[in-house]
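Below is one structure; the comments refer to it alone.
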Amino acid sequence: MNPSLLAILSGSAVLAALLTLIIRRSALRKQLLDIPNDRSLHSVPTPRGGGAAIVLVFIASIIALAAADYVETKNAMILVGCGAIVALTGFLDDRQLLSHARSRLAMHFVAAVIAVSAFGGLPTLPVFGTDVNLGIFGGILATVYLVWLLNLFNFMDGIDGISGAEVVSVCGAAAFLIHHTTHDYNIASLPLALAAATLGFLVFNWPPAKIFMGDVGSGFVGFIIGVFSLMAADNVGYLGWVWAILLGVFIVDATVTLIGRLVRKQKPLIAHRSHAFQHLALRFGSHKRVTIGVVAINVLWLLPIAFAVTEGHIDGFVGVLIAYTPLTIAALILGAGTPSTN
């Protein structure tokens with residue numbers, strides 16, 4: 001790895017940790033705390049909004065990477081500009097300055113539409129050896145995908161360390177596979193930058209968490225990862241499938257839970273404890289065991305499948321089916337989408 005890239009990534013991790021500590025102290029002083037309630041899985045009032053450190057450090061690292069010619073100007077502008085819209089929306093929501101969910105969702109779609117338009121729609125994806133271009137429908141699908149990924153990270157950020165660990169493990173694995181495929185650190189540097197910034201935050205969010213990510217961080221990382229996947233697919237088609245595979249735990253749990261709640265005619269935007277990971281955390285009485293379990297699934301199950309796709313051993317779409325099937329069965333067995341009895 002180039003020394004300048006290593007310096008940027010190392011500096012990002014350290015700076016994110018320092019900023020998280022500063023934000024935590026400020027939140028404690030201003031009493032910006034997440035107070036436990038009957039839908040929470042934490043028992044102690046905890047500072048929130050630590051994800052702002054991820055946002056600020058990631059944006060700074062993208063600017064540095066662009067200056068060092070690791071990131072194309074167009075990609076840097078998409079990440080910084082659209083990411084800032086999402087982060088600002090989350091910041092306002094964390095401080096209860098957005099009165100309606102519709103306002104939040106509208107801002108999410110604005111950011112997604114701008115990003116997808118900049119790419120010219122959904123990149124061409126290979127399916128069983130045939131390149132598929134969905135045209136206008138693909139653009140709509142890509143927009144909904146970004147908004148869904150943004151919100152599912154928000155939904156899944158429910159126990160200590162889980163979102164941070166997901167970002168670090170998924171982005172680390174994606175960077176490895178991107179470099180293995182393209183032998184280009186310029187493309188791989190993007191997920192590494194997000195992983196580094198999140199790692200610094202994770203120092204204080206690891207169970208037992210001393211600060212929470214908040215909407216400002218969870219929505220931002222979900223959106224940025226979605227943009228990463230579109231960028232990767234635009235460069236090498238099957239890398240889009242690779243990202244979808246690596247994100248399997250979050251995508252499956254959030255989707256199965258949402259469908260289950262809609263079937264039961266429960267309001268999807270109301271806080272709840274219906275996710276599979278929440279049921280598991282209550283059963284174990286431990287956040288750490290579940291968070292470590294998510295990382296283990298990412299590394300031991302999803303990464304090998306994604307690697308097989310990059311090697312051409314299996315089709316990308318088939319890889320998604322293989323990856324998601326046992327995760328869906330597990331989510332249903334664990335009661336995803338059903339109310340917690342604890």
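Identifiers in the structure tokens: chain A, B, ... in order shown; residue index from 1 per chain; ligand index from 1 in order shown.
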Residue neighbourhood segment 214-222 of chain A, 9 Å, only C-alpha atoms, exclusion window fewer than 5 positions, as JSON, numbers by chain: {"A": [48, 49, 50, 51, 52, 53, 54, 55, 83, 84, 85, 86, 87, 88, 89, 90, 91, 92, 93, 94, 146, 147, 148, 149, 150, 151, 152, 153, 154, 155, 156, 157, 163, 164, 167, 194, 198, 227]}
May I have the selected residues written with C-alpha atoms, as a short mmCIF file (atom, residue, chain, number, x, y, z; two decimals), in the first residue's frame?
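What landed in selection_11.cif:
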data_model
loop_
_atom_site.label_atom_id
_atom_site.label_comp_id
_atom_site.auth_asym_id
_atom_site.auth_seq_id
_atom_site.Cartn_x
_atom_site.Cartn_y
_atom_site.Cartn_z
CA ARG A 48 -25.78 10.13 20.95
CA GLY A 49 -24.60 11.74 17.73
CA GLY A 50 -21.13 10.18 17.65
CA GLY A 51 -21.63 9.38 13.99
CA ALA A 52 -20.88 13.03 13.25
CA ALA A 53 -17.22 12.13 13.76
CA ILE A 54 -17.50 9.53 10.98
CA VAL A 55 -19.10 12.08 8.67
CA GLY A 83 -23.50 12.46 1.76
CA ALA A 84 -23.69 15.92 3.34
CA ILE A 85 -27.42 16.13 2.53
CA VAL A 86 -28.04 12.80 4.25
CA ALA A 87 -25.84 13.68 7.23
CA LEU A 88 -27.53 17.07 7.70
CA THR A 89 -30.94 15.38 7.60
CA GLY A 90 -29.82 12.91 10.27
CA PHE A 91 -28.31 15.72 12.37
CA LEU A 92 -31.60 17.63 12.36
CA ASP A 93 -33.52 14.45 13.13
CA ASP A 94 -31.23 13.62 16.07
CA LEU A 146 -30.03 3.91 -1.92
CA VAL A 147 -32.93 5.18 0.20
CA TRP A 148 -33.63 1.68 1.52
CA LEU A 149 -29.99 1.02 2.36
CA LEU A 150 -29.78 4.37 4.12
CA ASN A 151 -32.82 3.63 6.25
CA LEU A 152 -32.04 -0.01 6.97
CA PHE A 153 -28.74 1.02 8.56
CA ASN A 154 -30.81 3.34 10.71
CA PHE A 155 -33.15 0.48 11.60
CA MET A 156 -30.32 -1.95 12.31
CA ASP A 157 -28.37 0.42 14.55
CA SER A 163 -23.45 -0.85 12.75
CA GLY A 164 -19.83 0.14 13.26
CA VAL A 167 -19.23 -1.04 8.23
CA LEU A 194 -15.07 4.78 5.49
CA THR A 198 -15.78 4.16 11.48
CA VAL A 227 -22.98 4.77 -3.52
#
Residues within 10 Å of Pro304 of chain A, only C-alpha atoms, excluding chain neighbours under 4 positions, as a PyMOL selection string: chain A and resi 173+245-246+298-300+308-310+323
Nearest to Val127 of chain A, chosen from A:Ala336, A:Val320, A:Ala7, A:Ile63, with only C-alpha atoms counted in the distances: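 Of A:Ala336, A:Val320, A:Ala7, A:Ile63, the one nearest Val127 of chain A is A:Val320, counting only C-alpha atoms.
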Which of segment 54-199 of chain A fall in alpha helix (DSSP H), as number ranges by chain: A: 54-67, 73-94, 101-119, 135-156, 162-182, 185-199
Spatial neighbours of Thr291 of chain A, 8 Å, only C-alpha atoms, chain gap at least 5 places, as a PyMOL selection string: chain A and resi 159-162+165
N, CA and C atoms of the current selection, written as a PDB file, in the first residue's frame:
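Contents of part-v8.pdb, as written:
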ATOM      1  N   ILE A 159     -28.111  -2.106  18.657  1.00  0.00           N
ATOM      2  CA  ILE A 159     -27.336  -2.600  19.787  1.00  0.00           C
ATOM      3  C   ILE A 159     -25.900  -2.096  19.664  1.00  0.00           C
ATOM      4  N   ASP A 160     -25.179  -2.163  20.759  1.00  0.00           N
ATOM      5  CA  ASP A 160     -23.834  -1.607  20.806  1.00  0.00           C
ATOM      6  C   ASP A 160     -22.919  -2.233  19.752  1.00  0.00           C
ATOM      7  N   GLY A 161     -22.309  -1.387  18.954  1.00  0.00           N
ATOM      8  CA  GLY A 161     -21.261  -1.809  18.043  1.00  0.00           C
ATOM      9  C   GLY A 161     -21.696  -2.440  16.743  1.00  0.00           C
ATOM     10  N   ILE A 162     -22.976  -2.755  16.570  1.00  0.00           N
ATOM     11  CA  ILE A 162     -23.373  -3.570  15.427  1.00  0.00           C
ATOM     12  C   ILE A 162     -23.191  -2.841  14.094  1.00  0.00           C
ATOM     13  N   ALA A 165     -19.361  -2.216  13.459  1.00  0.00           N
ATOM     14  CA  ALA A 165     -18.696  -3.474  13.102  1.00  0.00           C
ATOM     15  C   ALA A 165     -19.088  -3.919  11.698  1.00  0.00           C
TER      16      ALA A 165
END
From A:Val168, A:Leu32, A:Val71, A:Val236, residue lying nearest Asn186 of chain A [only C-alpha atoms]: A:Val71
Shell of 10 Å around Leu190 of chain A, only C-alpha atoms, local chain residues under 5 positions omitted, as a list in words: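 Close residues of Leu190 of chain A: Phe58, Ser61, Ile62, Leu65, Tyr70, Val71, Asn75, Ala76, Leu79, Cys171, Ala174, Ala175, Tyr185, Ala195, Ile224, Ile225, Phe228 and Met231 of chain A.
Separating atom CA of Ala244 of chain A from atom CA of Asn133 of chain A is a distance of 17.5 Å.
Between Gly138 of chain A and the residues A:Ile211, A:Ile305, A:Val294, A:Leu230, the shortest atom-to-atom distance, using only C-alpha atoms, involves A:Leu230.
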Option closest in space to Val252 of chain A, from A:Pro123, A:Pro326, A:Pro45, A:Pro3 [counting only C-alpha atoms]: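 The answer is A:Pro326, which sits nearest to Val252 of chain A.
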Test item: residues at most 9 Å from segment 255-266 of chain A, only C-alpha atoms, excluding those fewer than 6 positions along its chain, as a PyMOL selection string: chain A and resi 152+274-276+328+331-332+335-339
Residue nearest Phe307 of chain A - candidates A:Arg273, A:Tyr238, A:Ile187, A:Leu134, atoms counted: only C-alpha atoms: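 Among the listed residues, the smallest separation from Phe307 of chain A belongs to A:Tyr238.
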Which of A:Phe250, A:Phe176, A:Phe223, A:Trp301 sits closest to Val113 of chain A [using only C-alpha atoms]: A:Phe223
